[in-house]
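One structure below.
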Amino acid sequence: MNELTTVEKVTITLRVNGEERAVSVEPRWLLSDVLRHELGLVGTHVSCEQGVCGSCTVLMDGQPTRSCLQFAIQAAGSDIVTIEGVTHGEGLTPLQRAFAEHHALQCGFCTPGMVLTAQALLDKDPNPDEESIREALSGNICRCTGYQSIVDAVMAAARTTQSRVEED
Ligand code: FES
Ligand code: FES
């Protein structure tokens, strides 16, 4: 191979959905591509690749993060949650169930990013008002639903979680 095109790979370790993963990456590779192509986590959807649509959102150390704007090496040592890891192997989360019940998805392309962004909001504020939900989701674009059903789903999930807490 031409000397100019040879790129040294580096091995990084990161925690993905609760599991330590070591992966060999070129420094220019994006986190979104590494999740999808190296780790097979294709629930992380990629559309604009410019940080605009939010479809590639994952949780990085608990924060909603656009994985198309991060180099994988920037995520070394981080704790990453993708849509595949949001359930902890226990079936759908209350938020995912609410998305289904409130028809908050149609084609589903935006849904992983929406769910992870909304989950991060609910983790921080278990009882958000509609304005806070709209603000939190304002960077996630959906071309199908018109948004109201997504907001309704997040509010319903918050109510379900609140009533469970009160019962316990
Ligand atoms: S694909 Fe990352 S924000 Fe659109
Ligand atoms: S459900 Fe199709 S883009 Fe949101």
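Order determines the names: the first chain of the structure tokens is A, the second B, and so forth; residues in each chain are numbered 1 upward, and ligands are numbered 1 upward as they are shown.
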
Neighbouring residues of ligand 2 are defined here as those with any atom at most 9 Å from a ligand atom, counting only C-alpha atoms and all ligand atoms; list them as an MDAnalysis selection string.
chainID A and resid 55 104:111 114 140:147

Residues of chain A within 7 Å of ligand 1: nearest atom pair and distance (Å, one decimal) for each, counting only C-alpha atoms and all ligand atoms, sorted by chain and number, as JSON lines?
```
{"residue": "A:His45", "atom": "CA", "partner": "ligand 1", "partner_atom_place_in_ligand_line": "1 (S)", "distance": 6.8}
{"residue": "A:Val46", "atom": "CA", "partner": "ligand 1", "partner_atom_place_in_ligand_line": "1 (S)", "distance": 4.0}
{"residue": "A:Ser47", "atom": "CA", "partner": "ligand 1", "partner_atom_place_in_ligand_line": "1 (S)", "distance": 4.2}
{"residue": "A:Cys48", "atom": "CA", "partner": "ligand 1", "partner_atom_place_in_ligand_line": "4 (Fe)", "distance": 3.9}
{"residue": "A:Glu49", "atom": "CA", "partner": "ligand 1", "partner_atom_place_in_ligand_line": "1 (S)", "distance": 3.9}
{"residue": "A:Gln50", "atom": "CA", "partner": "ligand 1", "partner_atom_place_in_ligand_line": "3 (S)", "distance": 5.5}
{"residue": "A:Gly51", "atom": "CA", "partner": "ligand 1", "partner_atom_place_in_ligand_line": "3 (S)", "distance": 3.3}
{"residue": "A:Val52", "atom": "CA", "partner": "ligand 1", "partner_atom_place_in_ligand_line": "3 (S)", "distance": 4.4}
{"residue": "A:Cys53", "atom": "CA", "partner": "ligand 1", "partner_atom_place_in_ligand_line": "4 (Fe)", "distance": 3.9}
{"residue": "A:Gly54", "atom": "CA", "partner": "ligand 1", "partner_atom_place_in_ligand_line": "3 (S)", "distance": 4.0}
{"residue": "A:Ser55", "atom": "CA", "partner": "ligand 1", "partner_atom_place_in_ligand_line": "4 (Fe)", "distance": 5.3}
{"residue": "A:Cys56", "atom": "CA", "partner": "ligand 1", "partner_atom_place_in_ligand_line": "2 (Fe)", "distance": 4.4}
{"residue": "A:Thr57", "atom": "CA", "partner": "ligand 1", "partner_atom_place_in_ligand_line": "2 (Fe)", "distance": 6.7}
{"residue": "A:Arg66", "atom": "CA", "partner": "ligand 1", "partner_atom_place_in_ligand_line": "2 (Fe)", "distance": 5.1}
{"residue": "A:Ser67", "atom": "CA", "partner": "ligand 1", "partner_atom_place_in_ligand_line": "2 (Fe)", "distance": 6.0}
{"residue": "A:Cys68", "atom": "CA", "partner": "ligand 1", "partner_atom_place_in_ligand_line": "2 (Fe)", "distance": 4.3}
{"residue": "A:Leu69", "atom": "CA", "partner": "ligand 1", "partner_atom_place_in_ligand_line": "2 (Fe)", "distance": 6.5}
```

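Across the structure, CA of Thr117 in chain A and CA of Ala136 in chain A are spaced 7.1 Å apart.
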
Would you please extract all strand (DSSP E or B) residues from chain A, as assigned by DSSP on the backbone, and give them as a ChimeraX atom specification?
/A:10-16,19-25,30,57-60,63-66,71,79-81

Based on DSSP run over this structure's backbone, return all residues of chain A in alpha helix (DSSP H), as a PyMOL selection string.
chain A and resi 31-33+94-101+111-124+130-136+148-167

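Compared by their closest atoms to Gly139 in chain A, and using only C-alpha atoms, the residues A:Gly62, A:Glu20, A:Gly77, A:Gly113 rank with A:Gly113 nearest.
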
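Proximity ranking of A:Ala158, A:Ala98, A:Val25, A:Val34 relative to Lys124 in chain A places A:Ala158 first, based on only C-alpha atoms.
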